[in-house]
Amino acid sequence: MNNRPTIPDLEFRTRASNVQKKMIEHDIDVLLAFANEAEPQFVRYLSNYWPSFETAAVVLGQEGPPILIIGPESLTYASDRSKIAEIRRVQSFRESSNPEYPGVTLDSLEDVIKDVIKNKPLKHAAIAGYNLVSHLVYEDFSSALKRFDCHVIKNGDNLIMEPRMVKSENEIHCMREASRITRAAMDHVLRTIQVGMTEIQVRGIGVSKIFEMGGENEAYPMWTLAGSGGDQAISRARHKIIQDGDLVHIGVGARYEGYASSIGRQAIMGSPKEWMIKAIGTAYEAHELVLSRLYAGNNARDVADTYFTFMKKHNYEDWLLYGPCHATGMMEGEPPWIESNSDYELKENMTYCIDIFMQNSRGEGFRVEDSVRVGKIKGENMTNFPKELFIINSR
């Protein structure tokens, strides 16, 4: 794949500049964008670096180049991947087993802050990844700020999230490639699944195809749920054996160049029950209806109202847990959601997962999901996997 889509270096520099404009607008003098292995988004967006074992951060002043912060062991790794030239090792970003690194000379957050603010007054600081940041890093950052007589740390998530909501053309290309890989993996799972497999085996079939097709990882810890327990909106695959007659929810999602994609479909093992046919058919109709409302200039509330009105009309109002869409990008689930209380304008190249999750009182449930893009007159279904009853007969 010599011509595979990537994010060019210039775009990473533009991202940092856009965040700095937000900092000036919101009177933030220094921003620490934090990431861990599970939630790399704030750091990867600015640097392309994805921490492993250790945590990481990007520190920005209102002007000038940002600095990437890593733990003591990741310098050769970060130097190989980072789009930010200046990299510092700070002990509070070490791995959770807390090695001491005696005799190793490390940097301090105080020195990093001094270098990015460039002798300017420091009154207000912020953390992006505010609900992720470790206590150790927070305390280190707070102590360093006090040496500059700064005692205010704000939630800075939106300083990075808002510029990310409308994707660039390069990002859309990467998301379409993630969607292509996800589509191939879902197709492979549905061609391979059979009675007698475990949920974990089915997950493994999907993951192996993702790597074979060039994905860098799962978009999220994928899960498969068979029969009872399918009502788990967030879950993990079990050692449960798939039985004849089960409705098996399958979620497949690939990550490519940092960008996530997801498909949710169901395999019916043997003869489908009437409720399965009706509920899945309704979910497919709802999905297409939502896609038709994802156009630039529409209000997110209209999308939600249209969805909930449709599901109520078909007597599935009590099967719903949340609204029809959440944004997606560097994480499979990003803000903003589209919910009943949403009130904002959709813009072209905002990206979402249409996520129709349904659950009944018998402990059964499923999800119909695709990654989509807001278009000029309707949404683009980037994953665009078939919507049909996938009936798996005994082999």
# chains A, B, ... in the order shown; residues from 1 in each chain; ligands from 1
>>> residues_around(residues="A:Gly71", least_positions_apart="6", cutoff="8 Å", atoms="only C-alpha atoms", output="ChimeraX atom specification")
/A:54-56,89-95
>>> select_by_dssp(residues="stretch 2-169 of chain A", states="alpha helix (DSSP H)", output="ChimeraX atom specification")
/A:9-25,41-47,75-81,109-117,135-146,157-164,169
>>> select_by_dssp(residues="stretch 81-309 of chain A", states="strand (DSSP E)", output="number ranges by chain")
A: 87-89, 124-128, 152-155, 217-218, 224-226, 247-252, 254-256, 259-260, 263-269
>>> residues_around(residues="stretch 186-202 of chain A", least_positions_apart="6", cutoff="9 Å", atoms="only C-alpha atoms", output="ChimeraX atom specification")
/A:209,223-226,236-244,246,248,250-253,263-267,269,385,390,392-395
>>> residues_around(residues="A:Val58", least_positions_apart="2", cutoff="7 Å", atoms="only C-alpha atoms", output="PyMOL selection string")
chain A and resi 32-34+43+60+66-69
>>> residues_around(residues="stretch 332-334 of chain A", least_positions_apart="5", cutoff="12 Å", atoms="only C-alpha atoms", output="PyMOL selection string")
chain A and resi 38-42+157-158+160-162+164-165+175+178-179+218-222+234+251-256+258-263+325-327+350-355+369-372
>>> write_last_selection(atoms="N, CA and C atoms", output="tab-separated table (two decimals), in the first residue's frame")
chain	number	residue	atom	x	y	z
A	38	ALA	N	-5.23	3.62	26.35
A	38	ALA	CA	-6.61	3.36	25.96
A	38	ALA	C	-7.27	4.57	25.30
A	39	GLU	N	-6.89	5.77	25.71
A	39	GLU	CA	-7.48	7.01	25.18
A	39	GLU	C	-6.36	7.91	24.67
A	40	PRO	N	-5.80	7.60	23.50
A	40	PRO	CA	-4.65	8.37	23.01
A	40	PRO	C	-4.99	9.66	22.29
A	41	GLN	N	-6.27	9.95	22.13
A	41	GLN	CA	-6.74	10.94	21.17
A	41	GLN	C	-6.08	12.31	21.28
A	42	PHE	N	-5.98	12.87	22.48
A	42	PHE	CA	-5.52	14.25	22.60
A	42	PHE	C	-4.04	14.40	22.22
A	157	ASP	N	-10.79	20.20	27.47
A	157	ASP	CA	-11.13	19.22	26.43
A	157	ASP	C	-11.60	19.89	25.14
A	158	ASN	N	-12.47	20.88	25.27
A	158	ASN	CA	-13.05	21.50	24.07
A	158	ASN	C	-12.04	22.31	23.25
A	160	ILE	N	-9.42	21.23	22.15
A	160	ILE	CA	-8.98	20.31	21.10
A	160	ILE	C	-10.17	19.65	20.42
A	161	MET	N	-11.21	19.34	21.18
A	161	MET	CA	-12.35	18.65	20.59
A	161	MET	C	-13.07	19.50	19.55
A	162	GLU	N	-13.25	20.77	19.79
A	162	GLU	CA	-13.99	21.61	18.84
A	162	GLU	C	-13.30	21.70	17.47
A	164	ARG	N	-11.61	19.47	16.14
A	164	ARG	CA	-11.64	18.13	15.56
A	164	ARG	C	-13.00	17.74	15.02
A	165	MET	N	-14.03	18.48	15.33
A	165	MET	CA	-15.38	18.03	14.99
A	165	MET	C	-15.63	17.98	13.49
A	175	MET	N	-10.45	7.81	7.35
A	175	MET	CA	-11.65	7.17	7.89
A	175	MET	C	-12.30	6.24	6.87
A	178	ALA	N	-10.22	3.12	7.03
A	178	ALA	CA	-10.61	2.34	8.21
A	178	ALA	C	-11.93	1.63	7.97
A	179	SER	N	-12.85	2.29	7.27
A	179	SER	CA	-14.15	1.70	6.95
A	179	SER	C	-14.00	0.53	5.99
A	218	GLU	N	-7.72	-2.67	16.73
A	218	GLU	CA	-9.16	-2.50	16.84
A	218	GLU	C	-9.48	-1.04	17.13
A	219	ALA	N	-10.64	-0.60	16.71
A	219	ALA	CA	-11.09	0.76	17.05
A	219	ALA	C	-11.51	0.85	18.51
A	220	TYR	N	-11.87	-0.29	19.08
A	220	TYR	CA	-12.29	-0.42	20.48
A	220	TYR	C	-12.18	-1.91	20.80
A	221	PRO	N	-12.21	-2.33	22.06
A	221	PRO	CA	-12.19	-3.77	22.36
A	221	PRO	C	-13.48	-4.43	21.86
A	222	MET	N	-13.42	-5.01	20.67
A	222	MET	CA	-14.61	-5.52	20.00
A	222	MET	C	-15.27	-6.63	20.82
A	234	ILE	N	-22.48	-1.93	26.44
A	234	ILE	CA	-21.02	-1.96	26.43
A	234	ILE	C	-20.63	-3.28	27.06
A	251	GLY	N	-19.94	-6.82	16.70
A	251	GLY	CA	-19.39	-5.48	16.50
A	251	GLY	C	-17.97	-5.60	15.98
A	252	VAL	N	-17.67	-4.95	14.88
A	252	VAL	CA	-16.34	-4.98	14.28
A	252	VAL	C	-15.90	-3.55	14.03
A	253	GLY	N	-14.68	-3.21	14.45
A	253	GLY	CA	-14.18	-1.87	14.21
A	253	GLY	C	-12.67	-1.87	14.05
A	254	ALA	N	-12.19	-1.25	12.98
A	254	ALA	CA	-10.75	-1.16	12.72
A	254	ALA	C	-10.27	0.26	13.02
A	255	ARG	N	-9.01	0.35	13.44
A	255	ARG	CA	-8.33	1.63	13.59
A	255	ARG	C	-7.24	1.71	12.52
A	256	TYR	N	-7.21	2.85	11.83
A	256	TYR	CA	-6.23	3.07	10.77
A	256	TYR	C	-5.69	4.50	10.88
A	258	GLY	N	-4.82	6.07	13.29
A	258	GLY	CA	-5.42	6.74	14.43
A	258	GLY	C	-6.93	6.88	14.34
A	259	TYR	N	-7.53	6.56	13.18
A	259	TYR	CA	-8.96	6.82	12.97
A	259	TYR	C	-9.78	5.55	13.07
A	260	ALA	N	-10.93	5.68	13.72
A	260	ALA	CA	-11.77	4.54	14.06
A	260	ALA	C	-12.91	4.39	13.07
A	261	SER	N	-13.39	3.15	12.97
A	261	SER	CA	-14.55	2.82	12.17
A	261	SER	C	-15.27	1.68	12.87
A	262	SER	N	-16.60	1.57	12.63
A	262	SER	CA	-17.35	0.51	13.31
A	262	SER	C	-18.55	0.07	12.49
A	263	ILE	N	-18.81	-1.24	12.55
A	263	ILE	CA	-20.02	-1.83	11.98
A	263	ILE	C	-20.64	-2.73	13.02
A	325	CYS	N	-26.98	8.76	17.36
A	325	CYS	CA	-25.62	8.98	16.83
A	325	CYS	C	-24.68	9.48	17.92
A	326	HIS	N	-23.43	9.08	17.79
A	326	HIS	CA	-22.35	9.75	18.50
A	326	HIS	C	-21.26	10.05	17.50
A	327	ALA	N	-20.52	11.12	17.73
A	327	ALA	CA	-19.44	11.46	16.81
A	327	ALA	C	-18.34	10.40	16.89
A	350	MET	N	-18.51	16.60	9.39
A	350	MET	CA	-18.61	16.03	10.72
A	350	MET	C	-18.84	14.53	10.53
A	351	THR	N	-18.30	13.72	11.41
A	351	THR	CA	-18.41	12.27	11.25
A	351	THR	C	-19.03	11.64	12.49
A	352	TYR	N	-19.89	10.67	12.24
A	352	TYR	CA	-20.66	10.03	13.31
A	352	TYR	C	-20.69	8.52	13.12
A	353	CYS	N	-21.01	7.83	14.17
A	353	CYS	CA	-21.54	6.47	14.06
A	353	CYS	C	-23.05	6.57	14.26
A	354	ILE	N	-23.82	6.11	13.26
A	354	ILE	CA	-25.24	5.88	13.51
A	354	ILE	C	-25.31	4.59	14.31
A	355	ASP	N	-25.82	4.69	15.52
A	355	ASP	CA	-25.70	3.62	16.51
A	355	ASP	C	-27.10	3.30	17.04
A	369	GLU	N	-24.98	-0.54	13.39
A	369	GLU	CA	-24.06	0.60	13.46
A	369	GLU	C	-23.25	0.71	12.18
A	370	ASP	N	-23.02	1.96	11.75
A	370	ASP	CA	-22.13	2.26	10.64
A	370	ASP	C	-21.47	3.61	10.88
A	371	SER	N	-20.28	3.78	10.33
A	371	SER	CA	-19.59	5.07	10.38
A	371	SER	C	-20.00	5.91	9.18
A	372	VAL	N	-20.39	7.15	9.43
A	372	VAL	CA	-20.96	7.99	8.38
A	372	VAL	C	-20.36	9.39	8.42
